[in-house]
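Enquirer: To be precise about what I am sending: the file is called entry_25.txt and holds compact mmCIF, C-alpha atoms.
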# COMPACT_ATOMS: atom_id res chain seq x y z
CA MET A 1 0.00 0.00 0.00
CA THR A 2 1.40 3.32 -0.94
CA TYR A 3 1.45 6.45 1.09
CA LEU A 4 0.98 9.94 -0.20
CA GLU A 5 3.95 12.28 0.00
CA THR A 6 2.33 15.27 1.61
CA SER A 7 -0.37 15.81 4.17
CA GLN A 8 -1.89 18.36 1.84
CA ALA A 9 -2.34 15.80 -0.91
CA TYR A 10 -3.82 13.42 1.62
CA LEU A 11 -6.37 15.91 2.86
CA GLU A 12 -7.31 17.02 -0.62
CA GLN A 13 -7.81 13.56 -1.98
CA SER A 14 -9.68 12.55 1.14
CA ALA A 15 -11.99 15.49 0.66
CA GLN A 16 -12.69 14.34 -2.87
CA LEU A 17 -13.35 10.78 -1.78
CA LEU A 18 -15.65 12.01 0.96
CA GLN A 19 -17.51 14.10 -1.55
CA ALA A 20 -17.96 11.13 -3.83
CA TYR A 21 -19.07 8.79 -1.06
CA PRO A 22 -20.08 10.92 1.89
CA GLU A 23 -21.94 8.20 3.76
CA THR A 24 -19.62 5.23 3.63
CA THR A 25 -16.14 6.72 3.74
CA ARG A 26 -14.35 6.44 7.03
CA ILE A 27 -11.12 7.88 8.30
CA THR A 28 -8.90 6.07 10.73
CA THR A 29 -5.94 7.54 12.54
CA LYS A 30 -3.41 5.20 14.04
CA TYR A 31 -0.82 6.23 16.58
CA ASN A 32 1.55 3.33 16.55
CA PHE A 33 4.75 2.25 18.17
CA PRO A 34 6.70 -0.19 16.07
CA THR A 35 7.19 -3.64 17.47
CA GLU A 36 10.82 -4.52 17.46
CA ARG A 37 12.73 -7.69 17.85
CA PRO A 38 15.40 -7.59 20.54
CA ALA A 39 18.08 -7.45 17.87
CA GLN A 40 16.47 -4.39 16.33
CA VAL A 41 16.30 -2.66 19.69
CA LEU A 42 20.00 -3.31 20.13
CA LYS A 43 20.79 -1.94 16.70
CA ARG A 44 18.80 1.21 17.24
CA THR A 45 20.26 1.82 20.68
CA LYS A 46 23.71 1.36 19.24
CA SER A 47 23.19 3.77 16.38
CA GLN A 48 21.73 6.33 18.75
CA SER A 49 24.68 6.17 21.08
CA LYS A 50 27.01 6.41 18.13
CA LEU A 51 25.44 9.69 17.12
CA GLN A 52 25.70 11.03 20.61
CA PRO A 53 28.93 9.54 21.89
CA THR A 54 29.47 11.87 24.80
CA LYS A 55 25.95 12.76 25.82
CA PRO A 56 23.57 9.87 26.12
CA PRO A 57 20.02 11.18 26.19
CA SER A 58 18.95 11.55 29.75
CA THR A 59 15.51 13.04 29.23
CA GLU A 60 14.05 9.99 27.53
CA PRO A 61 15.11 6.37 27.68
CA PRO A 62 17.14 5.34 24.64
CA THR A 63 14.98 2.26 24.30
CA ALA A 64 11.90 4.21 23.23
CA PRO A 65 11.24 3.78 19.52
CA ILE A 66 9.78 6.65 17.56
CA ALA A 67 6.07 6.28 17.06
CA SER A 68 4.30 6.95 13.82
CA LEU A 69 0.95 8.38 12.90
CA THR A 70 -0.90 6.84 10.00
CA LEU A 71 -3.99 8.40 8.50
CA LYS A 72 -6.14 6.32 6.29
CA THR A 73 -9.25 7.26 4.39
CA PHE A 74 -11.08 4.20 3.21
CA ASN A 75 -14.20 3.66 1.23
CA PRO A 76 -15.45 0.07 1.24
CA GLU A 77 -17.84 0.63 -1.67
CA SER A 78 -15.16 1.51 -4.17
CA GLY A 79 -12.25 -0.02 -2.34
CA ILE A 80 -10.33 3.21 -2.48
CA THR A 81 -7.76 3.82 0.20
CA ILE A 82 -5.83 7.01 0.74
CA GLN A 83 -3.01 6.92 3.22
CA TYR A 84 -0.53 9.27 4.77
CA ARG A 85 2.09 8.55 7.37
CA THR A 86 4.20 10.85 9.49
CA ASN A 87 6.35 10.72 12.57
CA LYS A 88 6.45 14.44 13.22
CA LEU A 89 4.67 15.74 16.25
CA GLN A 90 4.35 19.18 14.72
CA GLU A 91 2.05 17.86 12.01
CA VAL A 92 -0.50 16.36 14.37
CA GLY A 93 -2.39 19.51 15.13
CA ARG A 94 -2.77 20.49 11.52
CA LEU A 95 -3.78 17.00 10.46
CA MET A 96 -6.41 16.64 13.14
CA THR A 97 -7.84 20.04 12.36
CA GLY A 98 -7.96 18.95 8.74
CA LEU A 99 -9.82 15.81 9.70
CA GLY A 100 -12.30 17.98 11.55
CA LYS A 101 -12.92 19.95 8.42
CA LEU A 102 -13.34 16.76 6.46
CA ALA A 103 -15.82 15.49 9.04
CA ALA A 104 -17.79 18.67 8.66
CA GLY A 105 -18.03 17.94 4.96
CA ALA A 106 -15.56 20.50 3.74
CA ASP A 107 -14.70 20.40 0.06
CA VAL A 108 -11.22 20.78 -1.34
CA ALA A 109 -11.51 24.53 -1.68
CA SER A 110 -12.66 25.15 1.88
CA LEU A 111 -9.86 23.12 3.41
CA GLY A 112 -7.92 26.34 3.28
CA LEU A 113 -4.80 24.77 1.86
CA SER A 114 -2.42 26.90 -0.10
CA ALA A 115 -2.70 25.34 -3.53
CA PRO A 116 -6.03 24.89 -5.32
CA GLY A 117 -7.37 21.38 -5.41
CA VAL A 118 -6.61 20.59 -9.04
CA ALA A 119 -2.99 21.64 -8.78
CA GLY A 120 -2.59 19.70 -5.55
CA ALA A 121 -3.87 16.54 -7.14
CA ALA A 122 -1.57 17.00 -10.11
CA ASP A 123 1.43 17.29 -7.78
CA VAL A 124 1.05 13.71 -6.70
CA GLU A 125 3.48 11.64 -8.66
CA MET A 126 1.68 8.36 -8.38
CA THR A 127 -1.33 9.60 -10.32
CA ASP A 128 -2.00 7.20 -13.12
CA ALA A 129 -3.60 8.18 -16.35
CA PRO A 130 -7.15 9.22 -15.54
CA ALA A 131 -9.64 6.71 -16.78
CA GLU A 132 -13.32 6.91 -17.63
CA GLY A 133 -13.53 10.59 -16.81
CA THR A 134 -13.33 10.02 -13.04
CA PRO A 135 -11.54 12.67 -11.00
CA ALA A 136 -7.78 12.25 -11.10
CA PRO A 137 -7.08 11.12 -7.52
CA VAL A 138 -9.63 8.35 -7.62
CA PRO A 139 -7.95 6.25 -10.31
CA ALA A 140 -4.65 7.04 -8.63
CA ALA A 141 -5.75 5.19 -5.55
CA LYS A 142 -7.58 2.58 -7.55
CA GLY A 143 -4.47 1.35 -9.25
CA LYS A 144 -2.79 0.67 -5.96
CA LYS A 145 -5.50 -1.17 -4.11
CA LYS A 146 -5.08 -4.80 -3.32
CA LYS A 147 -8.26 -5.44 -1.44
CA GLY A 148 -11.74 -4.03 -1.49
CA GLY A 149 -14.89 -4.08 -3.46
CA LYS A 150 -13.52 -4.65 -6.95
CA LYS A 151 -14.36 -8.17 -7.96
CA MET B 1 -20.65 -2.42 22.20
CA ALA B 2 -20.69 -0.21 25.16
CA PRO B 3 -22.86 2.88 24.89
CA HIS B 4 -21.25 6.01 23.53
CA LEU B 5 -19.48 8.26 25.95
CA GLY B 6 -20.15 11.93 26.29
CA ASN B 7 -17.64 14.15 24.56
CA GLU B 8 -15.94 15.12 27.82
CA GLU B 9 -15.64 11.52 29.00
CA PHE B 10 -14.29 10.58 25.62
CA PHE B 11 -11.58 13.21 25.89
CA SER B 12 -10.48 12.07 29.31
CA SER B 13 -10.45 8.41 28.24
CA LEU B 14 -8.46 9.30 25.16
CA THR B 15 -5.95 11.30 27.18
CA ASP B 16 -5.46 8.29 29.45
CA LEU B 17 -5.13 5.86 26.58
CA LEU B 18 -2.59 8.00 24.73
CA ALA B 19 -0.59 8.57 27.89
CA LYS B 20 -0.54 4.88 28.68
CA THR B 21 0.52 3.88 25.19
CA THR B 22 3.26 6.51 25.08
CA GLU B 23 4.52 5.41 28.47
CA LYS B 24 4.73 1.79 27.40
CA ALA B 25 6.19 2.83 24.04
CA ARG B 26 4.52 -0.09 22.38
CA GLY B 27 1.19 -0.94 20.86
CA SER B 28 -1.02 1.56 19.12
CA VAL B 29 -4.07 3.73 19.42
CA THR B 30 -6.52 3.68 16.55
CA LEU B 31 -9.02 6.45 16.13
CA SER B 32 -11.73 6.40 13.54
CA GLN B 33 -14.35 8.80 12.38
CA LYS B 34 -17.32 8.25 10.17
CA PRO B 35 -20.71 9.78 9.63
CA LEU B 36 -23.45 8.26 11.70
CA ILE B 37 -26.25 7.45 9.33
CA GLU B 38 -29.54 7.68 11.11
CA ASN B 39 -33.01 7.01 9.86
CA VAL B 40 -33.62 10.69 10.06
CA THR B 41 -32.06 12.42 7.09
CA ASN B 42 -30.36 15.48 8.45
CA SER B 43 -28.59 17.87 6.20
CA GLN B 44 -25.40 17.19 8.16
CA PRO B 45 -24.99 13.81 9.83
CA SER B 46 -23.41 13.42 13.25
CA ILE B 47 -19.94 11.98 13.35
CA LEU B 48 -19.13 8.82 15.24
CA ILE B 49 -15.67 8.81 16.75
CA ARG B 50 -14.17 5.59 17.99
CA ALA B 51 -10.95 4.88 19.81
CA THR B 52 -9.32 1.58 20.59
CA ASP B 53 -5.95 0.16 21.52
CA GLY B 54 -6.48 -2.51 18.90
CA ASN B 55 -5.65 -5.29 21.31
CA THR B 56 -7.07 -8.13 19.29
CA SER B 57 -5.53 -10.82 21.41
CA ALA B 58 -7.79 -9.85 24.28
CA PRO B 59 -11.06 -11.69 24.74
CA ARG B 60 -13.98 -10.00 23.08
CA VAL B 61 -17.72 -10.38 23.20
CA LYS B 62 -19.44 -11.17 19.94
CA LYS B 63 -22.80 -9.77 18.97
CA ASP B 64 -24.59 -12.93 20.01
CA GLY B 65 -23.04 -12.73 23.46
CA LYS B 66 -20.39 -15.37 22.93
CA VAL B 67 -17.00 -14.59 24.39
CA VAL B 68 -14.18 -15.27 22.01
CA LYS B 69 -10.98 -15.93 23.86
CA GLY B 70 -7.87 -14.50 22.34
CA LYS B 71 -4.29 -15.51 22.68
CA ALA B 72 -3.88 -13.54 25.87
CA SER B 73 -7.10 -13.96 27.79
CA LYS B 74 -5.95 -11.76 30.64
CA ALA B 75 -5.33 -8.76 28.47
CA THR B 76 -8.03 -6.18 28.15
CA ARG B 77 -9.10 -4.33 25.11
CA VAL B 78 -9.76 -0.67 25.44
CA LYS B 79 -12.56 0.56 23.27
CA PHE B 80 -14.74 3.61 23.52
CA SER B 81 -16.65 5.93 21.28
CA THR B 82 -18.57 9.16 21.17
CA VAL B 83 -20.98 10.90 18.87
CA VAL B 84 -20.44 14.48 17.80
CA THR B 85 -23.31 16.44 16.36
CA ALA B 86 -22.70 18.57 13.32
CA ASP B 87 -22.89 21.86 15.15
CA GLU B 88 -20.42 20.74 17.81
CA LEU B 89 -17.87 19.53 15.31
CA GLU B 90 -15.64 22.56 15.27
CA ALA B 91 -15.34 22.87 19.03
CA PHE B 92 -14.86 19.13 19.36
CA TYR B 93 -12.04 18.97 16.85
CA THR B 94 -10.25 21.90 18.41
CA ARG B 95 -10.06 19.94 21.68
CA TYR B 96 -9.46 16.67 19.87
CA ALA B 97 -6.47 18.05 17.97
CA GLU B 98 -5.11 19.55 21.18
CA ILE B 99 -5.36 16.23 23.01
CA CYS B 100 -3.69 14.37 20.18
CA LYS B 101 -0.92 16.93 20.04
CA THR B 102 -0.18 16.67 23.74
CA GLY B 103 -0.74 12.94 23.94
CA MET B 104 1.24 11.67 20.98
CA THR B 105 4.62 12.56 22.37
CA GLY B 106 6.14 9.36 21.06
CA LEU B 107 6.43 11.07 17.71
CA LYS B 108 9.46 13.05 16.67
CA LYS B 109 9.62 16.42 18.27
CA ARG B 110 10.49 19.47 16.29
CA ASP B 111 13.31 20.57 18.59
CA ARG B 112 14.77 17.11 18.77
CA LYS B 113 17.97 18.27 17.13
CA ARG B 114 20.87 16.20 18.19
CA LYS B 115 23.24 19.14 18.57
CA ALA B 116 20.87 21.10 20.71
CA LYS B 117 20.25 18.18 22.98
CA GLY B 118 21.34 18.50 26.55
CA LYS B 119 21.62 22.27 26.31
CA GLY B 120 19.14 23.59 28.79
CA GLY B 121 19.40 27.07 27.36
CA ALA B 122 18.15 26.08 23.93
CA LYS B 123 14.96 24.67 25.32
CA ALA B 124 14.27 27.66 27.49
CA ALA B 125 14.79 30.00 24.60
CA LYS B 126 12.26 28.16 22.47
CA ALA B 127 9.64 27.99 25.18
Turn the structure described in the file into structure tokens.
Expert:
Amino acid sequence: MTYLETSQAYLEQSAQLLQAYPETTRITTKYNFPTERPAQVLKRTKSQSKLQPTKPPSTEPPTAPIASLTLKTFNPESGITIQYRTNKLQEVGRLMTGLGKLAAGADVASLGLSAPGVAGAADVEMTDAPAEGTPAPVPAAKGKKKKGGKK
Amino acid sequence: MAPHLGNEEFFSSLTDLLAKTTEKARGSVTLSQKPLIENVTNSQPSILIRATDGNTSAPRVKKDGKVVKGKASKATRVKFSTVVTADELEAFYTRYAEICKTGMTGLKKRDRKRKAKGKGGAKAAKA
């Protein structure tokens, strides 16, 4: 499953999916710590101490892995999934506010993002050739899906 | 499924859940949002917000009342939800975003620069 490059593209495409299927589309947000094998923990701890040879971090235990935040917009009817993943705390506020706007039924224009919706969708590299006159982001996600309603 | 919590209860439960997960530094918190389709056709549907720790190895109760035992029967699964009406959405999400921001501290911090680390002065200057 592919992830979009920018949160802006994620929010814009989600808005379009929500507009197309307002009743069945759901958004899940996952705050996740990676599970690590003991060997991986060792490796990470080692590389961390290598980067800070003199000052081991005292504020937080070196054994804490960095969590990630995954946002997924999924529509079971069409099987379209739009995903975005980040590990930056500074993005959380903006993303959640964006989700609030999506929940309120905001369209691409009213998301208040810098670029207009069409340009934002065109920025996404993974966009396949649009097919059957559907909006551009929809086939983009369609090509990548592995599961869902297409049978 | 337990009945929906009030918005305030939901916030306090979510704060707890995020804090616990961050403290343990393992596992995950999954939040979902979707429109609540009622028989009444409003112009703007309410939004159902769910939160869970996704602990699928914990025992769970099926719809018909059967208890399905997971791999770890002693573990508990945290699961709660709330309903937000359309006119409360904005206020709700302001709080919601705030709680996520303060709770998800396991993510990379902006000022987590390796050079600046350990310098007390740098932190104070930013704050």
Enquirer: For a quick test of understanding: name the residues of chain B lying within 7 Å of chain A when counting only C-alpha atoms, and present them as a list in words.
Expert: Ala25, Arg26, Gly27, Ser28, Val29, Thr30, Leu31, Ser32, Gln33, Lys34, Pro35, Ile47, Ala86, Leu89, Glu90, Tyr93, Thr94, Ala97, Glu98, Cys100, Lys101, Thr105, Gly106, Leu107, Lys108, Lys109 and Arg110 of chain B
Enquirer: For a test of reading the model, state the distance in Å between atom CA of Ala20 of chain A and atom CA of Gln83 of chain A, rounded to one decimal.
Expert: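 Separation between atom CA of Ala20 of chain A and atom CA of Gln83 of chain A: 17.1 Å.
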Enquirer: Give me, please, the distance in Å between atom CA of Leu17 of chain B and atom CA of Leu18 of chain A, quoted to one decimal.
Expert: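 Distance between the two atoms: 28.4 Å.
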Enquirer: Just to confirm, what's the straight-line distance from atom CA of His4 of chain B to atom CA of Thr56 of chain B in Å (one decimal)?
Expert: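 Taking atom CA of His4 of chain B as the start and atom CA of Thr56 of chain B as the end point, the length is 20.5 Å.
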Enquirer: Counting only C-alpha atoms, which residue out of A:Phe74, A:Ile82, A:Ala39, A:Arg44 sits closest to Tyr10 of chain A?
Expert: A:Ile82
Enquirer: Leaving out Asp87 of chain B and any residue of its chain fewer than 6 positions from it, which residues lie within 10 Å of it when counting all atoms listed in the file, given as a list of chain:residue names?
Expert: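 Listing them by chain and then by number gives A:Ala104, B:Gln44, B:Pro45, B:Ser46.
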